[in-house]
>>> print(open('target35.txt').read())   # compact mmCIF, C-alpha atoms
# COMPACT_ATOMS: atom_id res chain seq x y z
CA MET A 1 15.35 -24.48 46.60
CA ASP A 2 18.11 -24.20 49.14
CA ASN A 3 21.43 -23.32 47.52
CA ASN A 4 23.44 -24.99 50.22
CA ILE A 5 23.21 -28.50 48.87
CA GLU A 6 26.19 -29.68 50.93
CA LYS A 7 24.27 -28.87 54.08
CA LEU A 8 21.10 -30.44 52.70
CA GLY A 9 22.99 -33.61 51.81
CA TYR A 10 24.60 -33.76 55.22
CA ASN A 11 21.24 -33.23 56.93
CA TRP A 12 19.67 -35.90 54.74
CA ILE A 13 22.21 -38.56 55.61
CA THR A 14 22.39 -37.75 59.32
CA ALA A 15 18.69 -37.13 60.04
CA LYS A 16 16.67 -39.54 62.14
CA SER A 17 14.87 -42.01 59.89
CA ASP A 18 11.45 -40.46 60.49
CA GLU A 19 12.77 -36.99 59.68
CA VAL A 20 14.46 -37.71 56.35
CA ASP A 21 13.10 -35.70 53.42
CA VAL A 22 11.73 -38.30 51.02
CA VAL A 23 9.47 -36.02 49.03
CA GLY A 24 11.89 -33.29 47.95
CA ASP A 25 13.33 -32.80 44.48
CA TYR A 26 16.71 -34.19 45.52
CA TYR A 27 15.45 -37.56 46.67
CA CYS A 28 15.79 -40.46 44.22
CA GLN A 29 14.01 -43.48 45.61
CA THR A 30 14.89 -45.70 42.68
CA ARG A 31 17.66 -46.04 40.13
CA ASP A 32 15.28 -44.98 37.37
CA ILE A 33 14.62 -41.65 39.06
CA PHE A 34 18.35 -41.13 39.54
CA GLN A 35 19.00 -41.94 35.87
CA ALA A 36 16.33 -39.47 34.74
CA ARG A 37 17.80 -36.71 36.91
CA LEU A 38 21.30 -37.53 35.74
CA ASP A 39 20.16 -37.24 32.11
CA LYS A 40 18.64 -33.85 32.97
CA MET A 41 21.87 -32.78 34.64
CA VAL A 42 23.83 -33.52 31.47
CA ASP A 43 21.40 -31.38 29.46
CA ASN A 44 21.54 -28.57 32.02
CA LEU A 45 25.33 -28.54 32.15
CA LEU A 46 25.60 -28.49 28.37
CA ALA A 47 23.02 -25.70 28.15
CA ASN A 48 24.84 -23.64 30.79
CA ASN A 49 28.01 -23.79 28.75
CA ASN A 50 30.19 -23.25 31.83
CA ILE A 51 32.03 -26.52 31.42
CA ARG A 52 33.36 -27.87 28.15
CA GLU A 53 31.39 -30.67 26.59
CA GLU A 54 33.87 -33.51 27.00
CA LYS A 55 34.43 -32.65 30.64
CA THR A 56 30.67 -32.60 31.19
CA TYR A 57 30.46 -36.18 29.95
CA LEU A 58 33.24 -37.34 32.22
CA ILE A 59 31.72 -35.60 35.26
CA SER A 60 28.41 -37.27 34.47
CA ALA A 61 30.07 -40.66 34.24
CA VAL A 62 31.66 -40.17 37.68
CA VAL A 63 28.32 -39.10 39.15
CA GLY A 64 26.63 -42.04 37.45
CA GLU A 65 29.12 -44.48 38.97
CA ILE A 66 28.87 -43.08 42.49
CA GLY A 67 25.08 -42.90 42.42
CA ASN A 68 24.64 -46.35 40.94
CA ASN A 69 27.13 -47.80 43.42
CA SER A 70 24.67 -46.91 46.16
CA PHE A 71 21.93 -48.91 44.46
CA ASP A 72 24.25 -51.80 43.44
CA HIS A 73 25.52 -52.40 46.96
CA ASN A 74 22.46 -51.62 49.06
CA LEU A 75 19.65 -53.24 47.14
CA GLY A 76 17.72 -55.24 49.71
CA SER A 77 19.82 -54.05 52.62
CA TRP A 78 19.10 -50.33 53.02
CA ILE A 79 19.20 -49.54 56.72
CA ASN A 80 16.00 -47.51 56.74
CA ILE A 81 15.54 -45.15 53.78
CA ILE A 82 15.64 -46.62 50.27
CA GLY A 83 17.45 -44.61 47.63
CA ILE A 84 19.78 -41.64 47.45
CA PHE A 85 20.04 -37.88 47.73
CA PHE A 86 21.31 -36.25 44.53
CA ALA A 87 21.71 -32.51 44.04
CA TYR A 88 23.88 -30.13 42.03
CA ASN A 89 24.26 -26.42 41.54
CA PHE A 90 26.67 -23.71 40.50
CA ILE A 91 28.05 -21.45 43.21
CA ASP A 92 30.55 -18.77 42.17
CA ASN A 93 31.30 -20.55 38.88
CA GLU A 94 31.96 -23.74 40.75
CA LEU A 95 29.84 -26.80 40.07
CA LYS A 96 28.97 -28.70 43.21
CA ILE A 97 27.38 -32.15 43.13
CA VAL A 98 26.23 -33.97 46.26
CA LEU A 99 25.29 -37.64 46.49
CA ALA A 100 24.33 -39.43 49.69
CA ASP A 101 22.96 -42.80 50.68
CA ARG A 102 21.87 -44.20 54.03
CA GLY A 103 23.09 -47.68 53.20
CA GLN A 104 25.57 -50.13 54.69
CA GLY A 105 28.66 -48.02 54.09
CA ILE A 106 31.85 -49.01 52.33
CA LEU A 107 33.45 -50.92 55.21
CA LYS A 108 30.53 -53.29 55.71
CA THR A 109 30.17 -53.79 51.95
CA LEU A 110 33.83 -54.63 51.39
CA LYS A 111 34.20 -56.70 54.58
CA ARG A 112 32.10 -59.39 52.88
CA VAL A 113 34.94 -60.03 50.47
CA LYS A 114 37.87 -58.74 52.51
CA PRO A 115 37.15 -59.67 56.15
CA GLU A 116 40.57 -58.49 57.31
CA LEU A 117 39.57 -54.85 56.83
CA GLU A 118 39.71 -53.26 60.26
CA ASN A 119 38.29 -49.80 59.86
CA ASP A 120 36.62 -47.30 57.53
CA SER A 121 39.91 -45.74 56.45
CA GLU A 122 41.26 -49.08 55.25
CA ALA A 123 37.98 -49.72 53.46
CA LEU A 124 38.18 -46.40 51.59
CA GLN A 125 41.80 -47.03 50.65
CA THR A 126 40.82 -50.44 49.30
CA ALA A 127 37.78 -49.14 47.43
CA PHE A 128 39.78 -46.51 45.58
CA THR A 129 42.88 -48.51 44.82
CA GLU A 130 42.41 -52.28 44.85
CA ARG A 131 40.92 -54.69 42.40
CA ILE A 132 38.04 -55.86 44.54
CA SER A 133 34.28 -56.16 44.33
CA GLY A 134 31.83 -55.97 47.20
CA ARG A 135 29.56 -58.19 45.13
CA ALA A 136 32.05 -60.95 44.33
CA PRO A 137 31.90 -63.38 42.59
CA GLU A 138 30.40 -60.77 40.29
CA ASN A 139 33.15 -58.73 38.74
CA ARG A 140 32.22 -55.27 39.97
CA GLY A 141 33.92 -52.55 41.88
CA ASN A 142 35.51 -50.48 39.13
CA GLY A 143 33.50 -47.37 39.85
CA LEU A 144 35.65 -45.69 42.46
CA LYS A 145 38.91 -46.49 40.65
CA PHE A 146 37.38 -44.94 37.53
CA SER A 147 36.26 -41.91 39.56
CA ARG A 148 39.70 -41.47 41.06
CA GLU A 149 41.40 -41.50 37.65
CA SER A 150 38.85 -39.12 36.12
CA ILE A 151 39.09 -36.68 39.03
CA LYS A 152 42.86 -36.65 38.71
CA GLU A 153 42.70 -36.22 34.94
CA GLU A 154 40.28 -33.31 34.98
CA ASN A 155 41.45 -31.63 38.18
CA MET A 156 38.17 -32.11 40.02
CA ARG A 157 37.82 -32.57 43.76
CA LEU A 158 35.93 -35.33 45.53
CA VAL A 159 35.32 -35.63 49.25
CA LEU A 160 33.81 -38.98 50.11
CA THR A 161 32.85 -39.81 53.68
CA SER A 162 31.80 -43.21 54.95
CA GLY A 163 31.76 -44.29 58.59
CA ASN A 164 34.44 -42.37 60.43
CA ALA A 165 36.76 -41.94 57.45
CA ARG A 166 37.00 -39.28 54.79
CA ALA A 167 38.80 -39.50 51.47
CA GLU A 168 39.80 -36.30 49.69
CA LEU A 169 40.84 -36.68 46.09
CA ASN A 170 42.13 -34.38 43.42
CA ARG A 171 45.57 -34.89 41.97
CA LYS A 172 46.38 -36.93 45.06
CA MET A 173 44.33 -38.89 47.52
CA LYS A 174 44.29 -38.35 51.25
CA ILE A 175 42.33 -40.50 53.67
CA GLU A 176 41.82 -39.49 57.27
CA LYS A 177 39.86 -40.56 60.28
CA ILE A 178 37.16 -38.14 61.42
CA GLU A 179 35.38 -37.76 64.74
CA GLU A 180 31.91 -38.17 63.31
CA ASN A 181 30.40 -41.46 62.17
CA ILE A 182 28.49 -41.06 58.90
CA LYS A 183 26.33 -44.09 58.26
CA GLY A 184 26.21 -44.83 54.55
CA CYS A 185 28.12 -42.73 52.11
CA LEU A 186 28.30 -38.97 51.44
CA ALA A 187 30.09 -37.73 48.32
CA ILE A 188 30.71 -34.12 47.35
CA LEU A 189 32.20 -33.48 43.92
CA THR A 190 33.51 -30.01 43.09
CA VAL A 191 34.40 -28.93 39.55
CA MET B 1 31.49 -63.93 -1.12
CA PHE B 2 34.68 -65.86 -0.55
CA GLY B 3 35.67 -69.38 -1.48
CA ASN B 4 37.74 -71.68 0.72
CA SER B 5 39.80 -74.77 -0.06
CA ASP B 6 36.77 -77.05 0.33
CA GLY B 7 35.06 -75.20 -2.45
CA ILE B 8 32.45 -73.87 -0.04
CA ASN B 9 31.43 -70.30 -0.52
CA LYS B 10 30.82 -68.34 2.64
CA LEU B 11 29.34 -64.88 2.91
CA PHE B 12 31.16 -62.76 5.47
CA ILE B 13 29.02 -60.09 7.05
CA ILE B 14 30.53 -57.81 9.63
CA MET B 15 28.29 -57.36 12.64
CA LYS B 16 28.30 -53.72 13.67
CA ILE B 17 26.71 -52.89 17.01
CA GLU B 18 25.80 -49.23 17.29
CA LEU B 19 25.68 -48.44 20.99
CA LYS B 20 23.74 -45.21 20.46
CA LYS B 21 20.74 -47.38 19.69
CA PHE B 22 20.78 -48.32 23.37
CA GLY B 23 20.91 -44.69 24.50
CA ASP B 24 23.45 -41.89 24.68
CA ILE B 25 23.88 -41.96 28.45
CA LEU B 26 24.88 -45.52 29.30
CA VAL B 27 25.45 -45.69 33.01
CA SER B 28 24.05 -48.50 35.15
CA ARG B 29 24.79 -52.22 35.35
CA PRO B 30 21.16 -53.35 35.07
CA ALA B 31 20.79 -51.29 31.88
CA GLY B 32 24.03 -52.76 30.54
CA ARG B 33 22.93 -56.27 31.37
CA GLU B 34 19.64 -55.72 29.60
CA ALA B 35 21.46 -54.36 26.55
CA TYR B 36 23.73 -57.42 26.48
CA LEU B 37 20.77 -59.80 26.69
CA VAL B 38 19.07 -58.00 23.81
CA MET B 39 22.28 -58.18 21.77
CA SER B 40 22.61 -61.88 22.55
CA ALA B 41 19.04 -62.59 21.47
CA TYR B 42 18.82 -60.43 18.37
CA LEU B 43 22.27 -59.52 17.12
CA THR B 44 24.96 -62.01 18.04
CA LYS B 45 23.05 -65.28 18.54
CA GLU B 46 23.80 -66.79 15.14
CA LEU B 47 27.39 -65.58 14.87
CA ASP B 48 30.46 -67.77 14.96
CA LYS B 49 32.77 -66.99 17.86
CA ASP B 50 35.55 -65.93 15.51
CA GLU B 51 33.49 -63.55 13.39
CA LEU B 52 34.35 -59.88 13.39
CA ILE B 53 32.18 -57.72 15.62
CA GLU B 54 32.48 -53.95 15.41
CA ILE B 55 31.28 -51.98 18.40
CA ASP B 56 30.56 -48.40 17.40
CA PHE B 57 30.62 -45.76 20.15
CA SER B 58 29.64 -42.82 17.96
CA GLY B 59 26.79 -40.82 19.48
CA VAL B 60 27.47 -42.07 23.01
CA LYS B 61 27.81 -39.11 25.38
CA VAL B 62 28.30 -40.74 28.77
CA LEU B 63 29.62 -44.25 29.33
CA THR B 64 30.59 -45.80 32.66
CA PRO B 65 32.60 -48.92 33.53
CA SER B 66 29.47 -50.43 35.10
CA TRP B 67 27.46 -50.38 31.86
CA ALA B 68 30.42 -51.21 29.67
CA ASP B 69 31.55 -54.11 31.87
CA GLU B 70 28.20 -55.78 31.26
CA VAL B 71 28.48 -55.33 27.50
CA ILE B 72 31.95 -54.67 26.13
CA THR B 73 33.84 -56.97 28.51
CA LYS B 74 31.35 -59.78 27.91
CA LEU B 75 31.35 -59.40 24.12
CA ALA B 76 35.14 -59.31 24.10
CA LYS B 77 35.26 -62.52 26.13
CA GLU B 78 32.64 -64.23 24.00
CA PHE B 79 34.03 -63.30 20.58
CA LYS B 80 37.63 -63.52 19.47
CA ASN B 81 37.56 -60.69 16.98
CA VAL B 82 36.08 -57.51 18.45
CA LYS B 83 36.93 -54.08 17.10
CA LEU B 84 36.05 -50.80 18.82
CA LEU B 85 35.12 -47.83 16.63
CA ASN B 86 34.78 -44.10 17.31
CA THR B 87 36.01 -44.14 20.90
CA GLU B 88 37.04 -40.46 21.08
CA ASN B 89 34.52 -39.41 23.77
CA SER B 90 36.22 -38.68 27.12
CA SER B 91 34.02 -40.98 29.18
CA VAL B 92 34.42 -43.76 26.62
CA GLN B 93 38.20 -43.40 26.71
CA ALA B 94 38.28 -43.35 30.53
CA THR B 95 35.90 -46.29 30.79
CA LEU B 96 37.88 -48.46 28.37
CA LYS B 97 41.06 -47.67 30.28
CA THR B 98 39.44 -48.73 33.56
CA LEU B 99 38.16 -51.98 32.03
CA ARG B 100 41.58 -52.76 30.58
CA ASP B 101 43.22 -52.07 33.94
CA TYR B 102 40.69 -53.77 36.22
CA SER B 103 38.43 -56.08 34.18
CA ASP B 104 40.93 -57.75 31.87
CA LEU B 105 39.45 -56.18 28.76
CA LYS B 106 41.84 -57.10 25.97
CA VAL B 107 40.58 -54.96 23.10
>>> encode(input="target35.txt", output="structure tokens")
Amino acid sequence: MDNNIEKLGYNWITAKSDEVDVVGDYYCQTRDIFQARLDKMVDNLLANNNIREEKTYLISAVVGEIGNNSFDHNLGSWINIIGIFFAYNFIDNELKIVLADRGQGILKTLKRVKPELENDSEALQTAFTERISGRAPENRGNGLKFSRESIKEENMRLVLTSGNARAELNRKMKIEKIEENIKGCLAILTV
Amino acid sequence: MFGNSDGINKLFIIMKIELKKFGDILVSRPAGREAYLVMSAYLTKELDKDELIEIDFSGVKVLTPSWADEVITKLAKEFKNVKLLNTENSSVQATLKTLRDYSDLKV
């Protein structure tokens, strides 16, 4: 398998629809497949012993929230490819986890409940900080706030790109506009 | 067995819900919703709304706000007397904090 999972994730989310890898080990077409691979990741991380047990559980919760967010908010409205890309590996004692979906993106999801949002940067800011749910009246939308707190607590690093905005989080959060337009959502967690 | 002023004896049984029986990696909303429906049908259906319910987190490795919001938040809204046990796990702690901050969880 290719060690450069960041590149694979980027290629997966930016590829033309007829060129997306939907047979590889990193593709999770359904939530059940994602859950099974997440369970395996927990076992693998615990077996590797590189990260303490309690931190492993928190990392897995963050990954679970980000991955499930993709399914929660895109069910029935995937743009072309159903499901997500999910990969992880250790490089130089650093755990890298990549999640990507080719869904509606955070701006379009949140605009349903907050129409005044003007751009992707505002949408990311809202997603990470405000009490809001893209599936209102259902009370959802805690996942990214939870991720932000956990990342801060355990000194992890998350780079989340959606549309033409990128959020970088560790102890602090920085959101910036980028030149590229990433359709859907690409998350890279580094531990 | 306890007696009250009406002379009626009532047996108080504490309902303890062991979350590990639903799995040790509790992550998605659909799975949480299913767990809540099962609890409603088999565990909590006959209970008075003011009876004590203990939710035991021992054995849970990974818990997310999505799963917990479908179960813990709902049980805490439905029943007046909910007690959380064995919440030491890091993801349990972080999840409960998120639900208290963003989902009005009061326990």
>>> closest_residue(input="target35.txt", among="B:Asp101, B:Glu78, B:Glu18, B:Glu88", to="Asp48 of chain B", atoms="all atoms listed in the file")
B:Glu78
>>> interface_residues(input="target35.txt", of="chain B", to="chain A", cutoff="7 Å", atoms="only C-alpha atoms", output="number ranges by chain")
B: 27-28, 61-66, 89-91, 98, 102
>>> write_last_selection(input="target35.txt", atoms="C-alpha atoms", output="PDB file, keeping the file's coordinate frame")
ATOM      1  CA  VAL B  27      25.450 -45.690  33.010  1.00  0.00           C
ATOM      2  CA  SER B  28      24.050 -48.500  35.150  1.00  0.00           C
ATOM      3  CA  LYS B  61      27.810 -39.110  25.380  1.00  0.00           C
ATOM      4  CA  VAL B  62      28.300 -40.740  28.770  1.00  0.00           C
ATOM      5  CA  LEU B  63      29.620 -44.250  29.330  1.00  0.00           C
ATOM      6  CA  THR B  64      30.590 -45.800  32.660  1.00  0.00           C
ATOM      7  CA  PRO B  65      32.600 -48.920  33.530  1.00  0.00           C
ATOM      8  CA  SER B  66      29.470 -50.430  35.100  1.00  0.00           C
ATOM      9  CA  ASN B  89      34.520 -39.410  23.770  1.00  0.00           C
ATOM     10  CA  SER B  90      36.220 -38.680  27.120  1.00  0.00           C
ATOM     11  CA  SER B  91      34.020 -40.980  29.180  1.00  0.00           C
ATOM     12  CA  THR B  98      39.440 -48.730  33.560  1.00  0.00           C
ATOM     13  CA  TYR B 102      40.690 -53.770  36.220  1.00  0.00           C
TER      14      TYR B 102
END
>>> atom_distance(input="target35.txt", atom1="atom CA of Thr87 of chain B", atom2="atom CA of Lys21 of chain B")
15.7 Å
>>> closest_residue(input="target35.txt", among="A:Leu95, A:Cys28, A:Ala47, A:Ile175", to="Ile82 of chain A", atoms="only C-alpha atoms")
A:Cys28
>>> atom_distance(input="target35.txt", atom1="atom CA of Lys177 of chain A", atom2="atom CA of Leu107 of chain A")
13.2 Å
>>> closest_residue(input="target35.txt", among="A:Asn89, A:Tyr26, A:Met173, A:Asp21", to="Asn44 of chain A", atoms="all atoms listed in the file")
A:Asn89
>>> atom_distance(input="target35.txt", atom1="atom CA of Gln104 of chain A", atom2="atom CA of Val71 of chain B")
27.8 Å
